[in-house]
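Engineer: Got a structure for you, questions after.
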Amino acid sequence: MKTKLAKIELLLLDVDGVLTDGSIIYSDSGEQIKRFNSKDGFGLRLLMDSGIGVGIITGRKSKALEYRCKNLGITLLFDNIKDKSKTLDTITAQTGITVDKIAFVGDDLIDLPAMKRVGVSFCVSDACREVKDHSDIITSQKGGQGAVREICDSILKAKGLWDAILDKYLS
């Protein structure tokens, strides 16, 4: 699996249940509120700073996600998507990155068609059983609780980039 991880040029993520714990909170005015993990965000920044692309494919649309993506510098955002596998075709055409160099992180049934097509499929530890059964790698962390950071670190280590990143913070 390390060889497959070393080929990854783009990490695609679902949001609810992956970047968040799956909870959806509404304010009295109907505004949707999401809670994101800062460690996951830092891991995504480490990936992007290392030249590895990051993108989002999610079935829901929310201003909170748009703000989070803007804050992290993620410009590859596909929201309100019902067919995530079809969106992979758009992404490969737009980026020139082939599916074997893409990793996808999911947690529920809607993610399976995309997960089956990519080079490496991840799921979070609290994903539904069927998604776990069809994932290459299952994180030890739950969605919204450091699972994405775990994935980012594993990609960076497989690509041989981790030691240079660590040295930067130790010197």
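Residues in the structure tokens are named by chain (A, B, ... in the order shown) and by number from 1 within that chain; ligands are numbered from 1 in the order shown.
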Using only C-alpha atoms, which protein or nucleic acid residues come within 12 Å of Lys63 (chain A)? Drop anything in the same chain fewer than 5 positions from it, and give the result as a list in words.
Structural biologist: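 After dropping sequence-adjacent residues, the list is Glu31, Gln32, Ile33, Lys34, Arg68, Cys69, Lys70, Asp79 and Asn80 of chain A.
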Engineer: Hey, what's within 12 Å of Thr92 (chain A) if we count only C-alpha atoms and toss same-chain stuff fewer than 6 positions away? As a JSON list (two decimals) with N, CA and C atoms, in the first residue's frame, please?
Structural biologist:
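Generated output (result27.json):
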```
[["chain", "number", "residue", "atom", "x", "y", "z"],
["A", 9, "GLU", "N", -1.29, 12.24, -5.90],
["A", 9, "GLU", "CA", -1.08, 13.64, -6.25],
["A", 9, "GLU", "C", -2.26, 14.52, -5.83],
["A", 10, "LEU", "N", -3.39, 13.86, -5.50],
["A", 10, "LEU", "CA", -4.60, 14.60, -5.15],
["A", 10, "LEU", "C", -5.39, 13.81, -4.12],
["A", 12, "LEU", "N", -9.01, 13.71, -2.31],
["A", 12, "LEU", "CA", -10.38, 14.19, -2.36],
["A", 12, "LEU", "C", -11.11, 13.72, -1.11],
["A", 55, "GLY", "N", -9.02, 18.40, -2.62],
["A", 55, "GLY", "CA", -10.31, 18.82, -3.12],
["A", 55, "GLY", "C", -11.44, 18.21, -2.32],
["A", 76, "LEU", "N", -10.60, 23.52, -5.13],
["A", 76, "LEU", "CA", -11.27, 22.42, -5.82],
["A", 76, "LEU", "C", -12.44, 21.95, -4.95],
["A", 85, "SER", "N", -18.83, 9.85, -8.39],
["A", 85, "SER", "CA", -18.02, 9.16, -9.39],
["A", 85, "SER", "C", -17.95, 9.97, -10.68],
["A", 86, "LYS", "N", -19.08, 10.52, -11.10],
["A", 86, "LYS", "CA", -19.12, 11.35, -12.31],
["A", 86, "LYS", "C", -18.27, 12.61, -12.12],
["A", 98, "THR", "N", -4.64, 11.54, -13.20],
["A", 98, "THR", "CA", -5.38, 10.31, -13.47],
["A", 98, "THR", "C", -5.90, 9.71, -12.16],
["A", 99, "VAL", "N", -6.96, 8.90, -12.26],
["A", 99, "VAL", "CA", -7.62, 8.37, -11.07],
["A", 99, "VAL", "C", -6.68, 7.51, -10.21],
["A", 100, "ASP", "N", -5.69, 6.87, -10.81],
["A", 100, "ASP", "CA", -4.77, 6.04, -10.03],
["A", 100, "ASP", "C", -3.87, 6.88, -9.12],
["A", 101, "LYS", "N", -3.83, 8.18, -9.34],
["A", 101, "LYS", "CA", -3.02, 9.09, -8.52],
["A", 101, "LYS", "C", -3.89, 9.93, -7.58],
["A", 102, "ILE", "N", -5.14, 9.49, -7.43],
["A", 102, "ILE", "CA", -6.09, 10.18, -6.56],
["A", 102, "ILE", "C", -6.47, 9.27, -5.40],
["A", 117, "ARG", "N", -13.14, 3.76, -7.72],
["A", 117, "ARG", "CA", -12.44, 4.15, -8.95],
["A", 117, "ARG", "C", -11.03, 4.69, -8.72],
["A", 118, "VAL", "N", -10.73, 5.14, -7.51],
["A", 118, "VAL", "CA", -9.47, 5.84, -7.27],
["A", 118, "VAL", "C", -8.33, 4.88, -6.93]]
```
Engineer: At a cut-off of 9 Å, using only C-alpha atoms, what residues contact Val124 (chain A)? Leave out same-chain residues fewer than 2 positions from it and give the result as a VMD selection string.
Structural biologist: chain A and resid 17 to 18 105 to 107 122 126 to 127 132 137 to 143 147 to 148
Engineer: Please give the complete set of residues from region 43-170 of chain A that DSSP, run on the backbone, assigns to strand (DSSP E), formatted as a list of chain:residue names.
Structural biologist: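 Secondary structure check on region 43-170 of chain A, strand (DSSP E): A:Gly53, A:Val54, A:Gly55, A:Ile56, A:Ile57, A:Leu76, A:Leu77, A:Phe78, A:Ile102, A:Ala103, A:Phe104, A:Val105, A:Gly106, A:Val120, A:Ser121, A:Phe122, A:Cys123, A:Ile137, A:Ile138.
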Engineer: For a quick check of understanding, using only C-alpha atoms, which of A:Val120, A:Ala64, A:Leu77, A:Ile25 has the smallest distance to Ile155 (chain A)?
Structural biologist: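 When distances to Ile155 (chain A) are compared using only C-alpha atoms, the smallest one comes from A:Val120.
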Engineer: Residues of chain A classed as helix (DSSP H, G or I) by DSSP on the backbone are to be reported as an mmCIF file with N, CA and C atoms, in the first residue's frame.
Structural biologist:
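Below is the file that was written, part35.cif:
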```cif
data_model
loop_
_atom_site.group_PDB
_atom_site.id
_atom_site.type_symbol
_atom_site.label_atom_id
_atom_site.label_comp_id
_atom_site.auth_asym_id
_atom_site.auth_seq_id
_atom_site.Cartn_x
_atom_site.Cartn_y
_atom_site.Cartn_z
ATOM 1 N N LYS A 2 2.060 1.177 0.592
ATOM 2 C CA LYS A 2 2.937 2.337 0.628
ATOM 3 C C LYS A 2 3.274 2.819 -0.786
ATOM 4 N N THR A 3 3.450 1.898 -1.720
ATOM 5 C CA THR A 3 3.752 2.258 -3.107
ATOM 6 C C THR A 3 2.585 3.027 -3.726
ATOM 7 N N LYS A 4 1.357 2.577 -3.474
ATOM 8 C CA LYS A 4 0.175 3.284 -3.991
ATOM 9 C C LYS A 4 0.060 4.667 -3.363
ATOM 10 N N LEU A 5 0.302 4.756 -2.054
ATOM 11 C CA LEU A 5 0.221 6.054 -1.369
ATOM 12 C C LEU A 5 1.266 7.026 -1.908
ATOM 13 N N ALA A 6 2.429 6.511 -2.243
ATOM 14 C CA ALA A 6 3.505 7.373 -2.748
ATOM 15 C C ALA A 6 3.148 8.010 -4.090
ATOM 16 N N SER A 38 -9.071 21.406 13.798
ATOM 17 C CA SER A 38 -7.906 22.196 13.384
ATOM 18 C C SER A 38 -6.726 21.310 12.992
ATOM 19 N N LYS A 39 -6.591 20.135 13.604
ATOM 20 C CA LYS A 39 -5.495 19.225 13.236
ATOM 21 C C LYS A 39 -5.695 18.699 11.815
ATOM 22 N N ASP A 40 -6.935 18.407 11.467
ATOM 23 C CA ASP A 40 -7.223 17.998 10.093
ATOM 24 C C ASP A 40 -6.838 19.118 9.130
ATOM 25 N N GLY A 41 -7.200 20.330 9.478
ATOM 26 C CA GLY A 41 -6.877 21.481 8.631
ATOM 27 C C GLY A 41 -5.385 21.665 8.458
ATOM 28 N N PHE A 42 -4.631 21.488 9.529
ATOM 29 C CA PHE A 42 -3.179 21.631 9.450
ATOM 30 C C PHE A 42 -2.587 20.537 8.565
ATOM 31 N N GLY A 43 -3.101 19.326 8.689
ATOM 32 C CA GLY A 43 -2.639 18.236 7.829
ATOM 33 C C GLY A 43 -2.883 18.541 6.360
ATOM 34 N N LEU A 44 -4.047 19.096 6.051
ATOM 35 C CA LEU A 44 -4.358 19.466 4.669
ATOM 36 C C LEU A 44 -3.406 20.551 4.171
ATOM 37 N N ARG A 45 -3.084 21.503 5.034
ATOM 38 C CA ARG A 45 -2.119 22.552 4.647
ATOM 39 C C ARG A 45 -0.746 21.942 4.380
ATOM 40 N N LEU A 46 -0.334 20.984 5.217
ATOM 41 C CA LEU A 46 0.955 20.317 4.995
ATOM 42 C C LEU A 46 0.979 19.627 3.639
ATOM 43 N N LEU A 47 -0.113 18.968 3.285
ATOM 44 C CA LEU A 47 -0.198 18.325 1.968
ATOM 45 C C LEU A 47 -0.059 19.350 0.855
ATOM 46 N N MET A 48 -0.859 20.405 0.924
ATOM 47 C CA MET A 48 -0.849 21.413 -0.140
ATOM 48 C C MET A 48 0.496 22.106 -0.236
ATOM 49 N N ASP A 49 1.106 22.395 0.913
ATOM 50 C CA ASP A 49 2.433 23.023 0.913
ATOM 51 C C ASP A 49 3.496 22.105 0.326
ATOM 52 N N LYS A 63 -22.425 27.381 3.540
ATOM 53 C CA LYS A 63 -21.526 28.531 3.624
ATOM 54 C C LYS A 63 -20.361 28.217 4.553
ATOM 55 N N ALA A 64 -20.622 27.435 5.604
ATOM 56 C CA ALA A 64 -19.552 27.076 6.547
ATOM 57 C C ALA A 64 -18.424 26.353 5.817
ATOM 58 N N LEU A 65 -18.773 25.449 4.927
ATOM 59 C CA LEU A 65 -17.755 24.734 4.158
ATOM 60 C C LEU A 65 -17.016 25.681 3.222
ATOM 61 N N GLU A 66 -17.737 26.578 2.580
ATOM 62 C CA GLU A 66 -17.090 27.549 1.692
ATOM 63 C C GLU A 66 -16.064 28.377 2.464
ATOM 64 N N TYR A 67 -16.424 28.817 3.671
ATOM 65 C CA TYR A 67 -15.491 29.586 4.498
ATOM 66 C C TYR A 67 -14.276 28.753 4.890
ATOM 67 N N ARG A 68 -14.520 27.478 5.251
ATOM 68 C CA ARG A 68 -13.416 26.602 5.644
ATOM 69 C C ARG A 68 -12.465 26.377 4.479
ATOM 70 N N CYS A 69 -13.002 26.136 3.294
ATOM 71 C CA CYS A 69 -12.161 25.941 2.117
ATOM 72 C C CYS A 69 -11.359 27.193 1.794
ATOM 73 N N LYS A 70 -12.000 28.340 1.882
ATOM 74 C CA LYS A 70 -11.294 29.594 1.625
ATOM 75 C C LYS A 70 -10.165 29.787 2.631
ATOM 76 N N ASN A 71 -10.433 29.494 3.899
ATOM 77 C CA ASN A 71 -9.433 29.618 4.949
ATOM 78 C C ASN A 71 -8.230 28.705 4.701
ATOM 79 N N LEU A 72 -8.483 27.504 4.216
ATOM 80 C CA LEU A 72 -7.408 26.544 3.977
ATOM 81 C C LEU A 72 -6.752 26.697 2.605
ATOM 82 N N LYS A 84 -20.801 11.336 -7.129
ATOM 83 C CA LYS A 84 -19.396 11.679 -6.885
ATOM 84 C C LYS A 84 -18.463 11.009 -7.878
ATOM 85 N N SER A 85 -18.832 9.845 -8.386
ATOM 86 C CA SER A 85 -18.021 9.161 -9.388
ATOM 87 C C SER A 85 -17.954 9.967 -10.679
ATOM 88 N N LYS A 86 -19.076 10.516 -11.097
ATOM 89 C CA LYS A 86 -19.119 11.345 -12.309
ATOM 90 C C LYS A 86 -18.267 12.606 -12.122
ATOM 91 N N THR A 87 -18.280 13.137 -10.920
ATOM 92 C CA THR A 87 -17.479 14.327 -10.629
ATOM 93 C C THR A 87 -15.984 14.028 -10.746
ATOM 94 N N LEU A 88 -15.588 12.780 -10.489
ATOM 95 C CA LEU A 88 -14.184 12.389 -10.697
ATOM 96 C C LEU A 88 -13.748 12.650 -12.133
ATOM 97 N N ASP A 89 -14.636 12.395 -13.089
ATOM 98 C CA ASP A 89 -14.313 12.642 -14.493
ATOM 99 C C ASP A 89 -14.035 14.127 -14.727
ATOM 100 N N THR A 90 -14.843 14.981 -14.127
ATOM 101 C CA THR A 90 -14.645 16.429 -14.236
ATOM 102 C C THR A 90 -13.306 16.825 -13.637
ATOM 103 N N ILE A 91 -12.996 16.255 -12.478
ATOM 104 C CA ILE A 91 -11.752 16.592 -11.778
ATOM 105 C C ILE A 91 -10.533 16.130 -12.568
ATOM 106 N N THR A 92 -10.576 14.921 -13.105
ATOM 107 C CA THR A 92 -9.421 14.443 -13.876
ATOM 108 C C THR A 92 -9.220 15.292 -15.134
ATOM 109 N N ALA A 93 -10.314 15.701 -15.766
ATOM 110 C CA ALA A 93 -10.203 16.570 -16.945
ATOM 111 C C ALA A 93 -9.654 17.946 -16.569
ATOM 112 N N GLN A 94 -10.099 18.453 -15.430
ATOM 113 C CA GLN A 94 -9.690 19.788 -14.987
ATOM 114 C C GLN A 94 -8.243 19.823 -14.505
ATOM 115 N N THR A 95 -7.796 18.769 -13.822
ATOM 116 C CA THR A 95 -6.465 18.775 -13.213
ATOM 117 C C THR A 95 -5.415 18.037 -14.023
ATOM 118 N N VAL A 99 -6.962 8.903 -12.263
ATOM 119 C CA VAL A 99 -7.619 8.368 -11.067
ATOM 120 C C VAL A 99 -6.685 7.508 -10.213
ATOM 121 N N ASP A 100 -5.691 6.871 -10.813
ATOM 122 C CA ASP A 100 -4.775 6.040 -10.029
ATOM 123 C C ASP A 100 -3.869 6.877 -9.117
ATOM 124 N N LYS A 101 -3.830 8.183 -9.342
ATOM 125 C CA LYS A 101 -3.024 9.090 -8.517
ATOM 126 C C LYS A 101 -3.894 9.926 -7.584
ATOM 127 N N LEU A 109 -22.489 5.332 2.038
ATOM 128 C CA LEU A 109 -22.763 4.659 0.774
ATOM 129 C C LEU A 109 -22.590 5.543 -0.449
ATOM 130 N N ILE A 110 -22.961 6.811 -0.350
ATOM 131 C CA ILE A 110 -22.857 7.724 -1.495
ATOM 132 C C ILE A 110 -21.416 7.872 -1.984
ATOM 133 N N ASP A 111 -20.445 7.561 -1.114
ATOM 134 C CA ASP A 111 -19.030 7.695 -1.452
ATOM 135 C C ASP A 111 -18.471 6.478 -2.201
ATOM 136 N N LEU A 112 -19.137 5.340 -2.102
ATOM 137 C CA LEU A 112 -18.603 4.091 -2.659
ATOM 138 C C LEU A 112 -18.270 4.138 -4.153
ATOM 139 N N PRO A 113 -19.133 4.678 -5.020
ATOM 140 C CA PRO A 113 -18.785 4.676 -6.450
ATOM 141 C C PRO A 113 -17.470 5.404 -6.744
ATOM 142 N N ALA A 114 -17.219 6.522 -6.090
ATOM 143 C CA ALA A 114 -15.958 7.246 -6.291
ATOM 144 C C ALA A 114 -14.796 6.477 -5.662
ATOM 145 N N MET A 115 -15.020 5.928 -4.485
ATOM 146 C CA MET A 115 -13.962 5.206 -3.781
ATOM 147 C C MET A 115 -13.481 4.001 -4.592
ATOM 148 N N ARG A 129 -20.393 0.032 7.797
ATOM 149 C CA ARG A 129 -19.726 -1.256 7.555
ATOM 150 C C ARG A 129 -19.438 -1.495 6.082
ATOM 151 N N GLU A 130 -20.378 -1.194 5.202
ATOM 152 C CA GLU A 130 -20.191 -1.443 3.773
ATOM 153 C C GLU A 130 -19.043 -0.621 3.199
ATOM 154 N N VAL A 131 -18.876 0.585 3.688
ATOM 155 C CA VAL A 131 -17.766 1.425 3.227
ATOM 156 C C VAL A 131 -16.445 0.860 3.747
ATOM 157 N N LYS A 132 -16.430 0.433 4.985
ATOM 158 C CA LYS A 132 -15.216 -0.196 5.532
ATOM 159 C C LYS A 132 -14.828 -1.423 4.711
ATOM 160 N N ASP A 133 -15.830 -2.199 4.316
ATOM 161 C CA ASP A 133 -15.575 -3.417 3.549
ATOM 162 C C ASP A 133 -14.944 -3.144 2.183
ATOM 163 N N ALA A 147 -9.055 12.085 11.804
ATOM 164 C CA ALA A 147 -8.890 11.063 10.762
ATOM 165 C C ALA A 147 -8.200 11.634 9.521
ATOM 166 N N VAL A 148 -8.571 12.839 9.134
ATOM 167 C CA VAL A 148 -7.972 13.449 7.946
ATOM 168 C C VAL A 148 -6.499 13.749 8.192
ATOM 169 N N ARG A 149 -6.150 14.185 9.366
ATOM 170 C CA ARG A 149 -4.737 14.425 9.690
ATOM 171 C C ARG A 149 -3.953 13.117 9.593
ATOM 172 N N GLU A 150 -4.525 12.044 10.089
ATOM 173 C CA GLU A 150 -3.891 10.722 10.010
ATOM 174 C C GLU A 150 -3.629 10.348 8.549
ATOM 175 N N ILE A 151 -4.586 10.603 7.690
ATOM 176 C CA ILE A 151 -4.456 10.308 6.263
ATOM 177 C C ILE A 151 -3.368 11.170 5.631
ATOM 178 N N CYS A 152 -3.387 12.459 5.927
ATOM 179 C CA CYS A 152 -2.377 13.374 5.378
ATOM 180 C C CYS A 152 -0.973 12.930 5.775
ATOM 181 N N ASP A 153 -0.801 12.609 7.042
ATOM 182 C CA ASP A 153 0.509 12.165 7.526
ATOM 183 C C ASP A 153 0.950 10.889 6.811
ATOM 184 N N SER A 154 0.026 9.953 6.601
ATOM 185 C CA SER A 154 0.393 8.689 5.954
ATOM 186 C C SER A 154 0.826 8.910 4.502
ATOM 187 N N ILE A 155 0.178 9.829 3.806
ATOM 188 C CA ILE A 155 0.576 10.139 2.432
ATOM 189 C C ILE A 155 1.944 10.801 2.409
ATOM 190 N N LEU A 156 2.142 11.767 3.281
ATOM 191 C CA LEU A 156 3.431 12.470 3.330
ATOM 192 C C LEU A 156 4.579 11.517 3.685
ATOM 193 N N LYS A 157 4.335 10.604 4.582
ATOM 194 C CA LYS A 157 5.368 9.630 4.965
ATOM 195 C C LYS A 157 5.654 8.669 3.814
ATOM 196 N N ALA A 158 4.621 8.201 3.135
ATOM 197 C CA ALA A 158 4.808 7.276 2.008
ATOM 198 C C ALA A 158 5.577 7.933 0.870
ATOM 199 N N TRP A 162 7.921 13.423 4.974
ATOM 200 C CA TRP A 162 7.650 13.688 6.384
ATOM 201 C C TRP A 162 8.876 14.199 7.142
ATOM 202 N N ASP A 163 10.033 13.594 6.947
ATOM 203 C CA ASP A 163 11.231 13.984 7.711
ATOM 204 C C ASP A 163 11.599 15.443 7.466
ATOM 205 N N ALA A 164 11.501 15.908 6.221
ATOM 206 C CA ALA A 164 11.809 17.310 5.908
ATOM 207 C C ALA A 164 10.806 18.241 6.581
ATOM 208 N N ILE A 165 9.545 17.832 6.626
ATOM 209 C CA ILE A 165 8.521 18.652 7.296
ATOM 210 C C ILE A 165 8.825 18.727 8.789
ATOM 211 N N LEU A 166 9.098 17.599 9.390
ATOM 212 C CA LEU A 166 9.412 17.560 10.815
ATOM 213 C C LEU A 166 10.668 18.372 11.125
ATOM 214 N N ASP A 167 11.708 18.241 10.304
ATOM 215 C CA ASP A 167 12.945 19.001 10.516
ATOM 216 C C ASP A 167 12.694 20.496 10.500
ATOM 217 N N LYS A 168 11.787 20.938 9.664
ATOM 218 C CA LYS A 168 11.440 22.361 9.559
ATOM 219 C C LYS A 168 10.939 22.895 10.916
ATOM 220 N N TYR A 169 10.187 22.066 11.626
ATOM 221 C CA TYR A 169 9.626 22.495 12.904
ATOM 222 C C TYR A 169 10.572 22.249 14.075
ATOM 223 N N LEU A 170 11.571 21.408 13.871
ATOM 224 C CA LEU A 170 12.513 21.125 14.947
ATOM 225 C C LEU A 170 13.735 22.041 14.912
#
```
Engineer: A:Gly59, A:Gly51, A:Gly146, A:Gly22: which is nearest Asp83 (chain A), counting only C-alpha atoms?
Structural biologist: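 Comparing A:Gly59, A:Gly51, A:Gly146, A:Gly22 against Asp83 (chain A), the winner is A:Gly59.
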Engineer: Could you tell me which of A:Phe104, A:Ser121, A:Gly73, A:Gly160 comes closest to Asp14 (chain A) if we count only C-alpha atoms?
Structural biologist: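 For Asp14 (chain A), the nearest of the candidates is A:Phe104.
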